[in-house]
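Content type TSV, C-alpha atoms, from the file input.tsv:
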```tsv
chain	number	residue	atom	x	y	z
A	406	MET	CA	41.78	-147.93	141.75
A	407	LYS	CA	38.12	-147.78	142.82
A	408	HIS	CA	38.84	-145.21	145.57
A	409	ILE	CA	40.70	-142.88	143.18
A	410	THR	CA	38.37	-139.96	142.53
A	411	CYS	CA	40.52	-137.34	140.79
A	412	ILE	CA	43.91	-136.66	139.18
A	413	ASP	CA	45.25	-135.35	142.52
A	414	ASP	CA	44.63	-138.81	143.99
A	415	LEU	CA	46.72	-140.35	141.21
A	416	ARG	CA	49.45	-137.78	141.86
A	417	ALA	CA	49.59	-138.68	145.55
A	418	LEU	CA	49.84	-142.39	144.72
A	419	HIS	CA	52.46	-141.71	142.06
A	420	LYS	CA	54.54	-139.78	144.62
A	421	ARG	CA	54.45	-142.73	147.02
A	422	ARG	CA	55.28	-145.41	144.45
A	423	VAL	CA	58.01	-143.81	142.30
A	424	PRO	CA	61.48	-142.61	143.41
A	425	LYS	CA	61.69	-138.90	144.14
A	426	ALA	CA	63.97	-138.04	141.21
A	427	PHE	CA	61.53	-139.40	138.65
A	428	PHE	CA	58.42	-138.05	140.36
A	429	ASP	CA	60.00	-134.58	140.53
A	430	TYR	CA	61.07	-134.81	136.88
A	431	CYS	CA	57.39	-135.20	135.99
A	432	ASP	CA	55.94	-132.85	138.58
A	433	ARG	CA	58.18	-129.81	138.74
A	434	GLY	CA	58.94	-126.82	136.52
A	435	SER	CA	61.83	-124.50	135.68
A	436	TYR	CA	63.46	-121.88	137.88
A	437	ALA	CA	61.00	-120.28	140.36
A	438	GLU	CA	58.09	-122.20	138.76
A	439	GLU	CA	56.03	-119.03	138.23
A	440	THR	CA	54.67	-120.23	134.88
A	441	LEU	CA	54.03	-123.71	136.25
A	442	ARG	CA	51.80	-122.19	138.95
A	443	ALA	CA	50.18	-119.74	136.54
A	444	ASN	CA	49.01	-122.59	134.32
A	445	ARG	CA	46.87	-123.90	137.17
A	446	GLU	CA	45.89	-120.62	138.84
A	447	ASP	CA	44.72	-118.95	135.64
A	448	MET	CA	42.80	-122.07	134.65
A	449	GLN	CA	40.99	-122.23	137.98
A	450	ALA	CA	40.06	-118.54	137.77
A	451	ILE	CA	37.76	-119.27	134.81
A	452	LYS	CA	34.19	-119.82	136.01
A	453	PHE	CA	31.28	-121.49	134.23
A	454	ARG	CA	27.70	-120.42	133.62
A	455	GLN	CA	25.43	-122.98	135.25
A	456	ARG	CA	22.34	-123.60	133.10
A	457	ILE	CA	19.18	-125.40	134.25
A	458	LEU	CA	16.17	-127.14	132.69
A	459	VAL	CA	18.03	-127.90	129.46
A	460	ASP	CA	17.64	-131.37	127.96
A	461	VAL	CA	21.16	-132.83	128.29
A	462	SER	CA	20.17	-136.47	127.88
A	463	ARG	CA	22.15	-136.82	124.66
A	464	ARG	CA	25.58	-135.73	125.92
A	465	ASP	CA	28.45	-137.03	123.82
A	466	THR	CA	32.17	-136.25	124.12
A	467	SER	CA	33.11	-137.66	120.68
A	468	THR	CA	34.82	-135.40	118.17
A	469	THR	CA	37.47	-135.48	115.46
A	470	ILE	CA	41.17	-134.68	115.89
A	471	LEU	CA	43.16	-134.04	112.71
A	472	GLY	CA	40.24	-135.49	110.79
A	473	GLU	CA	40.21	-138.77	112.71
A	474	PRO	CA	37.42	-139.84	115.08
A	475	SER	CA	38.19	-139.57	118.79
A	476	THR	CA	36.02	-140.47	121.75
A	477	MET	CA	36.83	-137.14	123.35
A	478	PRO	CA	38.89	-134.00	122.61
A	479	LEU	CA	41.93	-135.35	124.47
A	480	ILE	CA	45.44	-136.37	123.42
A	481	LEU	CA	48.18	-137.93	125.54
A	482	ALA	CA	51.03	-135.44	125.14
A	483	PRO	CA	54.68	-136.39	124.62
A	484	VAL	CA	56.35	-136.95	127.99
A	485	GLY	CA	60.00	-137.95	128.24
A	486	LEU	CA	61.21	-140.91	130.30
A	487	LEU	CA	57.81	-142.56	130.75
A	488	GLY	CA	59.65	-145.86	130.99
A	489	MET	CA	61.22	-144.63	134.22
A	490	GLN	CA	57.83	-143.90	135.76
A	491	HIS	CA	56.78	-147.49	135.09
A	492	GLY	CA	58.53	-150.27	133.19
A	493	ASP	CA	57.72	-150.05	129.45
A	494	GLY	CA	55.73	-146.94	130.33
A	495	GLU	CA	55.35	-145.69	126.76
A	496	ILE	CA	53.81	-148.98	125.63
A	497	HIS	CA	51.38	-149.07	128.56
A	498	ALA	CA	50.33	-145.43	128.05
A	499	CYS	CA	49.82	-145.97	124.32
A	500	ARG	CA	47.71	-149.06	124.93
A	501	ALA	CA	45.55	-147.16	127.42
A	502	ALA	CA	45.04	-144.30	124.98
A	503	GLN	CA	44.15	-146.60	122.11
A	504	ALA	CA	41.74	-148.58	124.28
A	505	ALA	CA	40.05	-145.29	125.18
A	506	GLY	CA	39.91	-144.18	121.55
A	507	ILE	CA	42.23	-141.15	121.78
A	508	PRO	CA	45.69	-140.35	120.34
A	509	PHE	CA	48.99	-141.07	122.10
A	510	THR	CA	52.16	-139.07	121.33
A	511	GLN	CA	55.57	-140.67	121.85
A	512	SER	CA	58.44	-138.40	122.91
A	513	THR	CA	61.78	-138.35	121.13
A	514	MET	CA	63.28	-138.69	124.62
A	515	SER	CA	61.35	-141.83	125.46
A	516	ILE	CA	62.73	-144.98	127.04
A	517	CYS	CA	60.98	-147.35	124.62
A	518	SER	CA	61.93	-146.85	120.97
A	519	ILE	CA	59.55	-146.10	118.11
A	520	GLU	CA	59.88	-149.72	117.04
A	521	ASP	CA	59.25	-151.04	120.58
A	522	ILE	CA	55.88	-149.29	120.70
A	523	ALA	CA	54.88	-150.12	117.12
A	524	ALA	CA	55.50	-153.83	117.78
A	525	ASN	CA	53.34	-153.84	120.90
A	526	VAL	CA	50.24	-151.79	120.00
A	527	GLU	CA	47.48	-152.32	117.45
A	528	LYS	CA	47.04	-148.89	115.89
A	529	PRO	CA	49.17	-145.97	114.67
A	530	PHE	CA	50.35	-143.41	117.21
A	531	TRP	CA	51.79	-139.91	116.98
A	532	PHE	CA	55.53	-139.18	117.21
A	533	GLN	CA	57.00	-136.02	118.71
A	534	LEU	CA	60.23	-134.67	117.24
A	535	TYR	CA	62.96	-132.44	118.63
A	536	VAL	CA	65.16	-131.05	115.85
A	537	MET	CA	68.77	-131.62	116.92
A	538	LYS	CA	72.03	-130.45	115.38
A	539	ASP	CA	72.62	-133.85	113.80
A	540	ARG	CA	70.20	-133.43	110.91
A	541	GLY	CA	71.12	-136.86	109.54
A	542	PHE	CA	69.89	-138.43	112.76
A	543	ILE	CA	66.71	-136.35	112.66
A	544	LYS	CA	66.01	-137.45	109.08
A	545	GLU	CA	66.55	-141.04	110.19
A	546	LEU	CA	64.11	-140.56	113.09
A	547	VAL	CA	61.47	-139.20	110.71
A	548	GLN	CA	62.01	-142.16	108.40
A	549	ARG	CA	61.61	-144.52	111.36
A	550	ALA	CA	58.35	-142.78	112.29
A	551	ILE	CA	57.16	-143.21	108.69
A	552	ALA	CA	58.13	-146.90	108.74
A	553	ALA	CA	56.21	-147.34	112.01
A	554	LYS	CA	53.15	-145.77	110.32
A	555	CYS	CA	52.94	-142.92	112.84
A	556	SER	CA	49.84	-140.94	111.94
A	557	ALA	CA	51.07	-137.47	112.93
A	558	LEU	CA	54.37	-135.74	113.64
A	559	VAL	CA	54.39	-133.29	116.55
A	560	LEU	CA	57.28	-130.87	116.06
A	561	THR	CA	58.21	-129.30	119.40
A	562	VAL	CA	59.81	-125.89	118.80
A	563	ASP	CA	60.30	-124.39	122.27
A	564	LEU	CA	63.31	-126.37	123.52
A	565	GLN	CA	66.30	-125.08	121.57
A	566	VAL	CA	67.48	-123.54	124.86
A	567	ILE	CA	66.74	-125.62	127.94
A	568	GLY	CA	65.23	-124.00	131.03
A	569	GLN	CA	66.94	-125.09	134.24
A	570	ARG	CA	64.87	-127.36	136.45
A	571	HIS	CA	66.28	-126.98	139.93
A	572	ALA	CA	64.73	-130.18	141.25
A	573	ASP	CA	66.45	-132.31	138.61
A	574	ILE	CA	69.85	-130.88	139.54
A	575	LYS	CA	69.28	-131.35	143.26
A	576	ASN	CA	68.07	-134.91	142.70
A	577	GLY	CA	71.02	-135.80	140.48
A	578	MET	CA	68.60	-136.92	137.77
A	579	THR	CA	70.34	-139.23	135.29
A	580	ILE	CA	69.22	-142.11	133.07
A	581	PRO	CA	69.76	-144.65	134.45
A	582	PRO	CA	70.19	-143.14	137.93
A	583	GLU	CA	73.58	-142.72	139.53
A	584	TRP	CA	73.66	-144.38	142.91
A	585	SER	CA	73.96	-142.63	146.26
A	586	LEU	CA	72.95	-143.70	149.74
A	587	SER	CA	69.80	-141.58	149.71
A	588	LYS	CA	68.79	-142.98	146.31
A	589	PHE	CA	69.51	-146.52	147.40
A	590	ILE	CA	67.21	-146.06	150.41
A	591	ASP	CA	64.56	-144.40	148.23
A	592	PHE	CA	64.65	-147.20	145.68
A	593	ALA	CA	64.72	-149.90	148.34
A	594	THR	CA	61.39	-148.66	149.69
A	595	LYS	CA	59.78	-149.01	146.22
A	596	PRO	CA	60.32	-152.66	145.26
A	597	ALA	CA	57.35	-152.82	142.87
A	598	TRP	CA	58.75	-149.90	140.86
A	599	VAL	CA	62.23	-151.46	140.80
A	600	ALA	CA	60.87	-154.81	139.62
A	601	GLY	CA	58.77	-153.17	136.91
A	602	VAL	CA	61.61	-151.07	135.51
A	603	LEU	CA	64.04	-154.01	135.59
A	604	GLN	CA	61.54	-156.09	133.62
A	605	GLY	CA	61.12	-153.32	131.02
A	606	LYS	CA	62.72	-153.51	127.60
A	607	ARG	CA	65.10	-150.60	128.19
A	608	ARG	CA	66.54	-148.26	130.81
A	609	THR	CA	68.02	-145.63	128.52
A	610	PHE	CA	66.80	-143.47	125.62
A	611	GLY	CA	65.48	-146.04	123.15
A	612	ASN	CA	65.33	-143.77	120.10
A	613	ILE	CA	68.95	-142.66	120.50
A	614	ALA	CA	70.61	-145.91	121.58
A	615	GLY	CA	72.51	-147.35	118.64
A	616	HIS	CA	73.06	-144.00	116.95
A	617	VAL	CA	75.81	-142.76	119.24
A	618	LYS	CA	78.97	-144.85	119.34
A	619	ASN	CA	79.64	-146.64	122.62
A	620	THR	CA	76.08	-146.18	123.88
A	621	GLU	CA	76.86	-148.59	126.68
A	622	ASP	CA	78.74	-145.57	128.11
A	623	LEU	CA	75.71	-143.77	129.53
A	624	ASN	CA	77.64	-140.63	130.39
A	625	ARG	CA	78.70	-140.34	126.74
A	626	LEU	CA	75.12	-140.79	125.61
A	627	ALA	CA	73.90	-138.11	128.04
A	628	GLU	CA	76.61	-135.69	126.90
A	629	TRP	CA	75.70	-136.22	123.23
A	630	THR	CA	72.02	-135.62	123.93
A	631	ALA	CA	72.68	-132.43	125.91
A	632	SER	CA	74.93	-131.09	123.14
A	633	GLN	CA	72.37	-131.69	120.39
A	634	PHE	CA	69.67	-129.13	121.20
A	635	ASP	CA	70.04	-126.57	118.45
A	636	THR	CA	70.01	-122.83	119.17
A	637	SER	CA	70.02	-122.08	115.43
A	638	LEU	CA	66.58	-123.66	114.92
A	639	ASN	CA	64.34	-121.42	112.78
A	640	TRP	CA	61.34	-121.46	110.43
A	641	LYS	CA	63.43	-122.79	107.53
A	642	ASP	CA	63.96	-125.96	109.57
A	643	VAL	CA	60.19	-126.35	109.77
A	644	GLU	CA	60.10	-126.18	105.97
A	645	TRP	CA	62.75	-128.91	105.84
A	646	ILE	CA	60.75	-131.14	108.19
A	647	ARG	CA	57.67	-130.52	106.07
A	648	SER	CA	59.63	-131.65	103.00
A	649	ILE	CA	60.66	-135.02	104.49
A	650	TRP	CA	57.50	-135.79	106.46
A	651	PRO	CA	54.56	-136.70	104.20
A	652	GLY	CA	51.86	-136.88	106.86
A	653	LYS	CA	50.02	-134.59	109.24
A	654	LEU	CA	52.19	-132.04	111.03
A	655	VAL	CA	51.53	-130.40	114.40
A	656	ILE	CA	53.70	-127.55	115.69
A	657	LYS	CA	53.90	-127.57	119.49
A	658	GLY	CA	55.12	-124.71	121.65
A	659	ILE	CA	53.28	-121.62	120.33
A	660	LEU	CA	52.66	-118.88	122.88
A	661	ASP	CA	52.56	-115.73	120.74
A	662	VAL	CA	50.20	-114.52	118.01
A	663	GLU	CA	53.01	-113.59	115.61
A	664	ASP	CA	54.48	-117.07	115.94
A	665	ALA	CA	51.04	-118.59	115.44
A	666	GLU	CA	50.63	-116.63	112.20
A	667	GLU	CA	54.02	-117.90	111.00
A	668	ALA	CA	53.03	-121.45	111.93
A	669	ALA	CA	49.88	-121.11	109.81
A	670	LYS	CA	52.06	-120.40	106.76
A	671	THR	CA	54.02	-123.66	107.06
A	672	GLY	CA	51.31	-126.01	105.88
A	673	ALA	CA	51.04	-127.63	109.30
A	674	GLN	CA	47.57	-128.95	110.08
A	675	ALA	CA	47.59	-127.87	113.73
A	676	LEU	CA	49.46	-125.99	116.42
A	677	VAL	CA	49.61	-126.54	120.16
A	678	VAL	CA	49.34	-123.52	122.43
A	679	SER	CA	51.89	-124.53	125.05
A	680	ASN	CA	54.57	-123.22	127.42
A	681	HIS	CA	56.05	-126.71	127.83
A	682	GLY	CA	54.18	-127.23	131.08
A	683	GLY	CA	56.06	-124.42	132.82
A	684	ARG	CA	59.34	-126.26	132.23
A	685	GLN	CA	61.00	-123.74	129.89
A	686	LEU	CA	60.62	-119.93	129.97
A	687	ASP	CA	59.73	-119.11	133.56
A	688	GLY	CA	57.77	-115.88	133.69
A	689	ALA	CA	55.99	-116.64	130.42
A	690	PRO	CA	52.20	-116.31	130.47
A	691	SER	CA	50.02	-119.29	131.17
A	692	SER	CA	48.84	-121.20	128.12
A	693	ILE	CA	45.19	-120.45	128.90
A	694	GLU	CA	45.89	-116.69	129.06
A	695	VAL	CA	47.10	-116.54	125.46
A	696	LEU	CA	44.78	-119.18	124.00
A	697	PRO	CA	41.87	-116.87	123.01
A	698	GLU	CA	43.96	-114.42	120.96
A	699	ILE	CA	45.82	-117.21	119.17
A	700	ALA	CA	42.55	-119.01	118.40
A	701	ASP	CA	41.07	-115.77	117.08
A	702	ALA	CA	44.12	-115.12	114.89
A	703	VAL	CA	44.58	-118.53	113.22
A	704	GLY	CA	41.73	-120.77	114.35
A	705	GLU	CA	40.14	-120.71	110.90
A	706	LYS	CA	43.43	-121.71	109.23
A	707	MET	CA	44.51	-124.68	111.37
A	708	GLU	CA	43.39	-126.76	114.32
A	709	ILE	CA	44.13	-125.26	117.71
A	710	MET	CA	45.27	-127.71	120.36
A	711	PHE	CA	45.92	-126.75	123.96
A	712	ASP	CA	48.49	-127.88	126.50
A	713	GLY	CA	49.23	-126.57	129.97
A	714	GLY	CA	47.57	-127.20	133.32
A	715	ILE	CA	44.82	-129.66	132.34
A	716	ARG	CA	43.97	-131.72	135.43
A	717	SER	CA	40.24	-132.31	134.99
A	718	GLY	CA	37.35	-132.48	132.60
A	719	GLN	CA	36.41	-129.00	133.76
A	720	ASP	CA	39.78	-127.77	132.50
A	721	VAL	CA	39.17	-129.39	129.11
A	722	MET	CA	35.83	-127.56	128.96
A	723	ARG	CA	37.54	-124.26	129.80
A	724	ALA	CA	40.10	-124.66	127.02
A	725	LEU	CA	37.46	-125.64	124.47
A	726	ALA	CA	35.34	-122.66	125.48
A	727	LEU	CA	38.26	-120.32	124.79
A	728	GLY	CA	39.04	-121.63	121.33
A	729	ALA	CA	40.84	-124.98	121.52
A	730	LYS	CA	39.55	-127.92	119.46
A	731	SER	CA	41.32	-130.50	121.61
A	732	CYS	CA	43.60	-130.69	124.64
A	733	MET	CA	46.81	-132.46	125.53
A	734	ILE	CA	47.51	-133.88	128.97
A	735	GLY	CA	51.00	-134.71	130.20
A	736	ARG	CA	51.36	-134.74	133.95
A	737	ALA	CA	47.78	-135.94	134.45
A	738	TYR	CA	48.37	-139.26	132.72
A	739	ALA	CA	52.00	-139.58	133.86
A	740	TYR	CA	50.66	-139.48	137.43
A	741	GLY	CA	48.36	-142.34	136.48
A	742	LEU	CA	51.21	-144.30	134.92
A	743	GLY	CA	53.37	-143.95	138.01
A	744	ALA	CA	50.42	-144.80	140.23
A	745	GLY	CA	49.27	-147.92	138.43
A	746	GLY	CA	50.75	-148.54	135.00
A	747	GLN	CA	48.31	-148.96	132.13
A	748	ALA	CA	45.36	-149.17	134.53
A	749	GLY	CA	46.41	-145.87	136.07
A	750	VAL	CA	46.56	-144.14	132.68
A	751	ALA	CA	43.15	-145.56	131.82
A	752	LYS	CA	41.85	-144.22	135.13
A	753	ALA	CA	43.18	-140.73	134.40
A	754	ILE	CA	41.49	-140.70	130.99
A	755	ASP	CA	38.23	-142.02	132.47
A	756	ILE	CA	38.23	-139.42	135.25
A	757	ILE	CA	38.64	-136.56	132.77
A	758	GLN	CA	35.97	-137.88	130.41
A	759	LYS	CA	33.41	-138.31	133.20
A	760	GLU	CA	34.16	-134.86	134.58
A	761	LEU	CA	33.76	-133.38	131.11
A	762	LEU	CA	30.40	-135.11	130.66
A	763	THR	CA	29.18	-133.80	134.01
A	764	THR	CA	30.35	-130.27	133.30
A	765	MET	CA	28.68	-130.30	129.89
A	766	GLY	CA	25.43	-131.34	131.52
A	767	LEU	CA	25.51	-128.66	134.18
A	768	CYS	CA	26.31	-126.03	131.54
A	769	GLY	CA	23.46	-127.16	129.29
A	770	VAL	CA	25.64	-128.62	126.51
A	771	ASN	CA	25.19	-131.92	124.65
A	772	ARG	CA	27.94	-131.88	122.03
A	773	ILE	CA	31.60	-130.83	121.89
A	774	ASP	CA	30.92	-128.49	118.97
A	775	GLU	CA	28.41	-126.59	121.13
A	776	ILE	CA	31.10	-125.54	123.59
A	777	ASP	CA	32.17	-121.90	123.19
A	778	ASP	CA	32.65	-118.84	125.35
A	779	HIS	CA	28.92	-118.77	126.14
A	780	VAL	CA	29.60	-121.41	128.82
A	781	ILE	CA	31.98	-119.04	130.61
A	782	ALA	CA	30.63	-116.78	133.35
A	783	VAL	CA	33.74	-114.77	134.09
A	784	ALA	CA	36.43	-114.25	131.47
A	785	PRO	CA	40.02	-114.89	132.57
```

Representation of the structure as structure tokens:
Amino acid sequence: MKHITCIDDLRALHKRRVPKAFFDYCDRGSYAEETLRANREDMQAIKFRQRILVDVSRRDTSTTILGEPSTMPLILAPVGLLGMQHGDGEIHACRAAQAAGIPFTQSTMSICSIEDIAANVEKPFWFQLYVMKDRGFIKELVQRAIAAKCSALVLTVDLQVIGQRHADIKNGMTIPPEWSLSKFIDFATKPAWVAGVLQGKRRTFGNIAGHVKNTEDLNRLAEWTASQFDTSLNWKDVEWIRSIWPGKLVIKGILDVEDAEEAAKTGAQALVVSNHGGRQLDGAPSSIEVLPEIADAVGEKMEIMFDGGIRSGQDVMRALALGAKSCMIGRAYAYGLGAGGQAGVAKAIDIIQKELLTTMGLCGVNRIDEIDDHVIAVAP
């Protein structure tokens, strides 16, 4: 890993080491991918003020997230199917995050189960919840997260209707994969990936296996999962989740000021400004475009987290300058996982922290709480 200098290097290595279907699942967006591109383009359009002859010898990236100490304002976001990027991927990513002193968020649609991760890491982690039609199952999932001592629940609210991801359809993306000649050739050229996944604890959705009858029938399991996303989801469901979850609650998927103001009424401790990484509503604004107005509207009522297009420490600085208190990364660490397992995730985190430290220094900033819009030269 010593020649890896940036997240793009990890992406290139990930692309070489992991079968195309799983790389594309991580890398691509919905429909024409306009919002996916906007997340990066709008981020890169934000320029910094370079400041000189400021004593920056005491730079420190440490902060608090939901009242807990963190070595930097960074969270590993929930990413589905990490265990198909690298065997036991969720466990390796969680270990890397905990070693770095930052939170890890497990996805409902993970390969490893809640219990798998809890048994193999030393500290509590966050759990991300999709509210499905089967409310009994959702209550059971929340109870399992409580039993595992998860320290925060991240309620994702922007997936009740699923945006079509063309690449997944063209690649025939299934869990586990259906075989074809092209896939067989692709897999055969990636023996390290095959060996790692085969040695992993699971090759299907760990949190769902055992709930659906005949889960050995993977087509049945996939059909049940697809049928469970609930178009009737509304704010009353958030109240219900609040009533059965006793801990810290984060609402993820806010892209509109009115929705942010409703989220602030729920008693949730934080919200995540997010467009699901450009994987849902194509044509929606970039997350960074709407961040300032949402932060202005509710930033004094709840913590503002940011998700969408973070690929560097500079991007973290941009989001903090425009009102976020912390940032989530998804693709950035998934690239690292596919590139090199736990060591690759650790590398991604290290790259972003070092870039953030450098950017703070060149902008004349020593502490995270000093970062505001004064470090920005040109507004987005």

List as a Markdown table every residue of stretch 492-601 of chain A that is in contact with stretch 668-685 of chain A, defined as an atom at most 8 Å from one of its atoms (using only C-alpha atoms), together with the nearest atom pair and the distance in Å rounded to one decimal, sorted by chain and then rising number.
```
| residue | atom | partner | partner_atom | distance |
| --- | --- | --- | --- | --- |
| A:Asp563 | CA | A:His681 | CA | 7.4 |
| A:Leu564 | CA | A:Gln685 | CA | 7.3 |
| A:Ile567 | CA | A:Gln685 | CA | 6.3 |
| A:Gly568 | CA | A:Gln685 | CA | 4.4 |
| A:Gln569 | CA | A:Gln685 | CA | 7.5 |
| A:Arg570 | CA | A:Arg684 | CA | 7.0 |
```

Quiz item: Using all atoms listed in the file, which of the listed residues (A:Met477, A:Leu660, A:Val459, A:Ile451) sits closest to A:Ser731?
Solution: A:Met477

Self-check item: Among the residues A:Asp447, A:Asp635, A:Asp591, A:Glu527, the one that comes closest to A:Gly714 [using all atoms listed in the file]
Solution: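 Selected residue with least distance to A:Gly714: A:Asp447.
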
Self-check item: Surrounding residues of A:Lys425 excluding itself and chain neighbours under 4 positions, 10 Å, only C-alpha atoms, as a PyMOL selection string
Solution: chain A and resi 419-421+429-431+572-573+576+578+588+591-592

Exercise. Please measure the separation of atom CA of A:Leu558 and atom CA of A:Asn612, giving the value in Å to one decimal.
Key: 15.0 Å

Self-check item: Residue with smallest distance to A:Thr609 - pool A:Leu761, A:Met406, A:Ala739, A:Leu487, counting only C-alpha atoms
Solution: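 The answer is A:Leu487, which sits nearest to A:Thr609.
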
Quiz item: What does the distance from atom CA of A:Ser691 to atom CA of A:Leu727 come to in Å, to one decimal?
Solution: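 Separation between atom CA of A:Ser691 and atom CA of A:Leu727: 13.4 Å.
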
Which neighbours of A:Asp493 fall inside 12 Å, counting all atoms listed in the file, when residues of the same chain fewer than 4 positions from it are skipped, and could you give them as a compact mmCIF listing (two decimals) with C-alpha atoms, keeping the file's coordinate frame?
```txt
# COMPACT_ATOMS: atom_id res chain seq x y z
CA LEU A 486 61.21 -140.91 130.30
CA LEU A 487 57.81 -142.56 130.75
CA GLY A 488 59.65 -145.86 130.99
CA MET A 489 61.22 -144.63 134.22
CA HIS A 497 51.38 -149.07 128.56
CA ALA A 498 50.33 -145.43 128.05
CA CYS A 499 49.82 -145.97 124.32
CA ARG A 500 47.71 -149.06 124.93
CA SER A 515 61.35 -141.83 125.46
CA ILE A 516 62.73 -144.98 127.04
CA CYS A 517 60.98 -147.35 124.62
CA SER A 518 61.93 -146.85 120.97
CA ASP A 521 59.25 -151.04 120.58
CA ILE A 522 55.88 -149.29 120.70
CA ASN A 525 53.34 -153.84 120.90
CA TRP A 598 58.75 -149.90 140.86
CA ALA A 600 60.87 -154.81 139.62
CA GLY A 601 58.77 -153.17 136.91
CA VAL A 602 61.61 -151.07 135.51
CA LEU A 603 64.04 -154.01 135.59
CA GLN A 604 61.54 -156.09 133.62
CA GLY A 605 61.12 -153.32 131.02
CA LYS A 606 62.72 -153.51 127.60
CA ARG A 607 65.10 -150.60 128.19
CA ARG A 608 66.54 -148.26 130.81
CA THR A 609 68.02 -145.63 128.52
CA PHE A 610 66.80 -143.47 125.62
CA GLY A 611 65.48 -146.04 123.15
CA LEU A 742 51.21 -144.30 134.92
CA GLY A 743 53.37 -143.95 138.01
CA GLY A 746 50.75 -148.54 135.00
CA GLN A 747 48.31 -148.96 132.13
```

Quiz prompt | Distance query A:Leu471 at most 12 Å, only C-alpha atoms, self and fewer than 6 positions along chain excluded, as a PyMOL selection string | solution = chain A and resi 478-480+507-508+531+556-559+652-655+673-676+707-710+730-731

Do you know which residues are at most 8 Å from A:Ala744 counting only C-alpha atoms, after dropping those on the same chain fewer than 3 positions away, and could you put them as a PDB file with C-alpha atoms, in the coordinates of the input?
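out.pdb, freshly written:
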```pdb
ATOM      1  CA  LEU A 415      46.720-140.350 141.210  1.00  0.00           C
ATOM      2  CA  ARG A 416      49.450-137.780 141.860  1.00  0.00           C
ATOM      3  CA  LEU A 418      49.840-142.390 144.720  1.00  0.00           C
ATOM      4  CA  HIS A 419      52.460-141.710 142.060  1.00  0.00           C
ATOM      5  CA  LYS A 420      54.540-139.780 144.620  1.00  0.00           C
ATOM      6  CA  ARG A 422      55.280-145.410 144.450  1.00  0.00           C
ATOM      7  CA  VAL A 423      58.010-143.810 142.300  1.00  0.00           C
ATOM      8  CA  TYR A 740      50.660-139.480 137.430  1.00  0.00           C
ATOM      9  CA  GLY A 741      48.360-142.340 136.480  1.00  0.00           C
ATOM     10  CA  GLY A 749      46.410-145.870 136.070  1.00  0.00           C
TER      11      GLY A 749
END
```

Self-check item: For A:Lys407, the nearest of the candidates A:Gly745, A:Asp465, A:Ala689, A:Gln455, counting all atoms listed in the file
Solution: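 Smallest separation from A:Lys407 among the options: A:Gly745.
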
Exercise. Mind giving me the straight-line distance from atom CA of A:His491 to atom CA of A:Asp687 in Å, one decimal?
Key: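 Atom CA of A:Asp687 lies 28.6 Å from atom CA of A:His491.
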
Exercise. Considering only C-alpha atoms, state which residue in the set A:Glu760, A:Asp777, A:Asp661, A:Glu520 is at the smallest distance from A:Lys554.
Key: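 With only C-alpha atoms as the atom set, the closest residue is A:Glu520.
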
Quiz item: Hey, what's within 12 Å of A:Trp645 if we count all atoms listed in the file and toss same-chain stuff fewer than 2 positions away? As a PyMOL selection string, please?
Solution: chain A and resi 536+540+543-544+547+560+638-643+647-651+671-672

Quiz item: Smallest atom-to-atom distance to A:Val721: which of A:Val566, A:Val461, A:Ala437, A:Ile773, using only C-alpha atoms?
Solution: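 Once distances to A:Val721 are computed over only C-alpha atoms, the minimum belongs to A:Ile773.
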